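This report concerns only the one structure given below.
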Amino acid sequence: MSAAPPPSSNPHPYPYAAHPQPQPAPYAAPWGAAPAPVPACRICGALPVSPATVRGHQGFLVIMRFLKAEGPFCRPCGTATYRRMTANTLIQGWWGPLSALITPFTLLANLFARSAFRKLPQPYGGWRPPLDPGKPVPLRPQALLFLIPAGLVLAALTVLMAIGVVVGGDPESTGFTAGECVRNNADWPEQDLERVACDATGERYEVTEHQDCGPADYLMYLEYSANGATSYCLSRRG
């Protein structure tokens with residue numbers, strides 16, 4: 001009967017079990033990490049794009065709404081978004097005290113977005129057709145509805161300025177001429193002159209040319225400066 005073999009000093013039944021070999025990471029890229037994806041147009045997926053943001057504004061007398069469409073956009077999609085939101089802002093953005101101040105800045109900001117879109121070349125590689133830019137903003141109905149009242153306001157201001165120039169063309173720019181009579185409703189030296197009839201009762205003064213009044217008239221005279229350069233005299237009549 002043979003003797004049993006001596007116990008082994010290796011506690012593991014397999015010689016390589018105590019030294020596991022490192023395993024490669026699953027799906028590891030042999031040439032480094034994959035490149036980051038290139039952003040495409042958020043509407044049609046085409047390239048190249050601009051990250052510009054188009055803004056809009058709506059005024060509702062008391063409340064208001066701030067609108068924005070964030071890029072990236074290709075040239076046609078960005079132009080279409082700019083024209084749509086700008087045209088709507090032209091007709092919807094003025095209906096409120098604060099909105100009337102905010103709307104011009106919104107329209108100005110959109111001009112920078114339009115400039116960015118115009119610098120882009122024609123797109124390629126989209127997964128759907130790009131938006132149709134449509135008519136330019138000045139040819140859209142919203143812009144025409146805005147331009148009509150704006151033109152009327154501008155014409156009214158021009159007429160008022162012309163009337164002011166004509167009326168102010170009087171050398172004295174006072175509304176009073178030599179030979180008329182006035183009454184002062186304030187305490188001298190303050191002046192609050194009112195035109196009255198020369199035969200009216202009460203204290204009144206006759207408007208005379210500066211060179212025609214003086215101590216020789218034996219009347220009280222007061223110098224009345226109309227525009228800082230031309231002076232009249234108010235000779236007491238009653």
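A note on labels: chains of the structure tokens are A, B, ... as shown, every chain counts residues from 1, and ligands are counted from 1 in their shown order.
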
- Message: Which residues are near A:Leu47? Cut-off 7 Å, only C-alpha atoms, ignore same chain within fewer than 4 positions. Put them as a VMD selection string.
- Response: chain A and resid 40 to 41 74 123 to 125

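Residues of stretch 32-221 of chain A that DSSP, applied to the backbone, places in strand (DSSP E): Val54, Arg55, Gly56, His57, Gln58, Gly59, Phe60, Ile63, Met64, Arg65, Phe66, Leu67, Lys68, Ala69, Cys181, Val182, Arg183, Asn184, Leu193, Glu194, Arg195, Val196, Tyr205, Glu206, Val207, Thr208, Glu209 and Tyr221 of chain A.
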
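The shell of residues at most 7 Å from A:Arg183, with only C-alpha atoms counted and near chain neighbours (fewer than 2 positions) removed, consists of Asn185, Leu193, Glu194, Arg195, Val196, Glu203, Arg204 and Tyr205 of chain A.
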
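In terms of minimum interatomic distance to A:Gln191, A:Leu234 ranks closest within A:Ala178, A:Leu234, A:Met64, A:Ala156, counting only C-alpha atoms.
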
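Distance annotation: of A:Ala150, A:Cys233, A:Leu145, A:Val49, the residue with the minimal separation from A:Arg118 is A:Val49; atom set is only C-alpha atoms.
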
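DSSP on the backbone gives helix (DSSP H, G or I) for these parts of stretch 38-99 of chain A: Arg75, Pro76, Cys77, Gly78, Thr79, Ala80, Thr81, Tyr82, Arg83, Arg84, Met85, Thr86, Ala87, Asn88, Thr89, Leu90, Ile91, Gln92, Pro97, Leu98 and Ser99 of chain A.
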
Selection from above, N, CA and C atoms, as a compact mmCIF listing (two decimals), in the first residue's frame, can you write it?
# COMPACT_ATOMS: atom_id res chain seq x y z
N ARG A 75 -28.89 79.26 -42.28
CA ARG A 75 -29.25 80.55 -42.86
C ARG A 75 -30.74 80.66 -43.19
N PRO A 76 -31.36 79.72 -43.90
CA PRO A 76 -32.80 79.89 -44.19
C PRO A 76 -33.67 79.84 -42.94
N CYS A 77 -33.40 78.89 -42.04
CA CYS A 77 -34.24 78.77 -40.84
C CYS A 77 -34.08 79.98 -39.93
N GLY A 78 -32.85 80.48 -39.79
CA GLY A 78 -32.64 81.66 -38.97
C GLY A 78 -33.29 82.89 -39.57
N THR A 79 -33.18 83.05 -40.88
CA THR A 79 -33.80 84.20 -41.54
C THR A 79 -35.31 84.14 -41.42
N ALA A 80 -35.90 82.95 -41.59
CA ALA A 80 -37.35 82.81 -41.46
C ALA A 80 -37.80 83.14 -40.04
N THR A 81 -37.05 82.67 -39.05
CA THR A 81 -37.41 82.95 -37.65
C THR A 81 -37.28 84.43 -37.35
N TYR A 82 -36.22 85.06 -37.83
CA TYR A 82 -36.03 86.50 -37.61
C TYR A 82 -37.17 87.30 -38.23
N ARG A 83 -37.53 87.00 -39.47
CA ARG A 83 -38.57 87.78 -40.14
C ARG A 83 -39.93 87.60 -39.48
N ARG A 84 -40.24 86.39 -39.06
CA ARG A 84 -41.54 86.13 -38.42
C ARG A 84 -41.65 86.86 -37.08
N MET A 85 -40.64 86.70 -36.21
CA MET A 85 -40.72 87.28 -34.88
C MET A 85 -40.60 88.80 -34.92
N THR A 86 -39.80 89.34 -35.82
CA THR A 86 -39.66 90.79 -35.93
C THR A 86 -40.94 91.42 -36.45
N ALA A 87 -41.55 90.81 -37.47
CA ALA A 87 -42.80 91.35 -38.00
C ALA A 87 -43.90 91.32 -36.95
N ASN A 88 -44.00 90.24 -36.18
CA ASN A 88 -45.01 90.17 -35.13
C ASN A 88 -44.75 91.21 -34.03
N THR A 89 -43.48 91.44 -33.71
CA THR A 89 -43.16 92.44 -32.69
C THR A 89 -43.53 93.84 -33.16
N LEU A 90 -43.40 94.12 -34.44
CA LEU A 90 -43.74 95.44 -34.97
C LEU A 90 -45.20 95.79 -34.71
N ILE A 91 -46.07 94.80 -34.70
CA ILE A 91 -47.50 95.08 -34.53
C ILE A 91 -47.99 94.76 -33.13
N GLN A 92 -47.26 93.92 -32.38
CA GLN A 92 -47.73 93.49 -31.06
C GLN A 92 -46.93 94.09 -29.90
N PRO A 97 -47.06 101.00 -21.73
CA PRO A 97 -46.05 102.05 -21.50
C PRO A 97 -44.63 101.51 -21.51
N LEU A 98 -44.37 100.42 -20.79
CA LEU A 98 -43.02 99.86 -20.78
C LEU A 98 -42.71 99.13 -22.08
N SER A 99 -43.72 98.50 -22.66
CA SER A 99 -43.50 97.77 -23.91
C SER A 99 -43.08 98.72 -25.02

- Message: Set the distance at 10 Å and use only C-alpha atoms: which residues neighbour A:Ala200 once local chain neighbours fewer than 5 positions away are removed? I'd like the list as a list of chain:residue names.
- Response: A:Cys181, A:Val182, A:Arg183, A:Arg237, A:Gly238

Can you write just those residues out, C-alpha atoms, as an mmCIF file, in the first residue's frame?
data_model
loop_
_atom_site.group_PDB
_atom_site.id
_atom_site.type_symbol
_atom_site.label_atom_id
_atom_site.label_comp_id
_atom_site.auth_asym_id
_atom_site.auth_seq_id
_atom_site.Cartn_x
_atom_site.Cartn_y
_atom_site.Cartn_z
ATOM 1 C CA CYS A 181 -53.069 146.581 -25.518
ATOM 2 C CA VAL A 182 -52.371 144.056 -22.789
ATOM 3 C CA ARG A 183 -53.028 143.558 -19.105
ATOM 4 C CA ARG A 237 -52.869 153.485 -20.711
ATOM 5 C CA GLY A 238 -55.072 153.211 -17.678
#
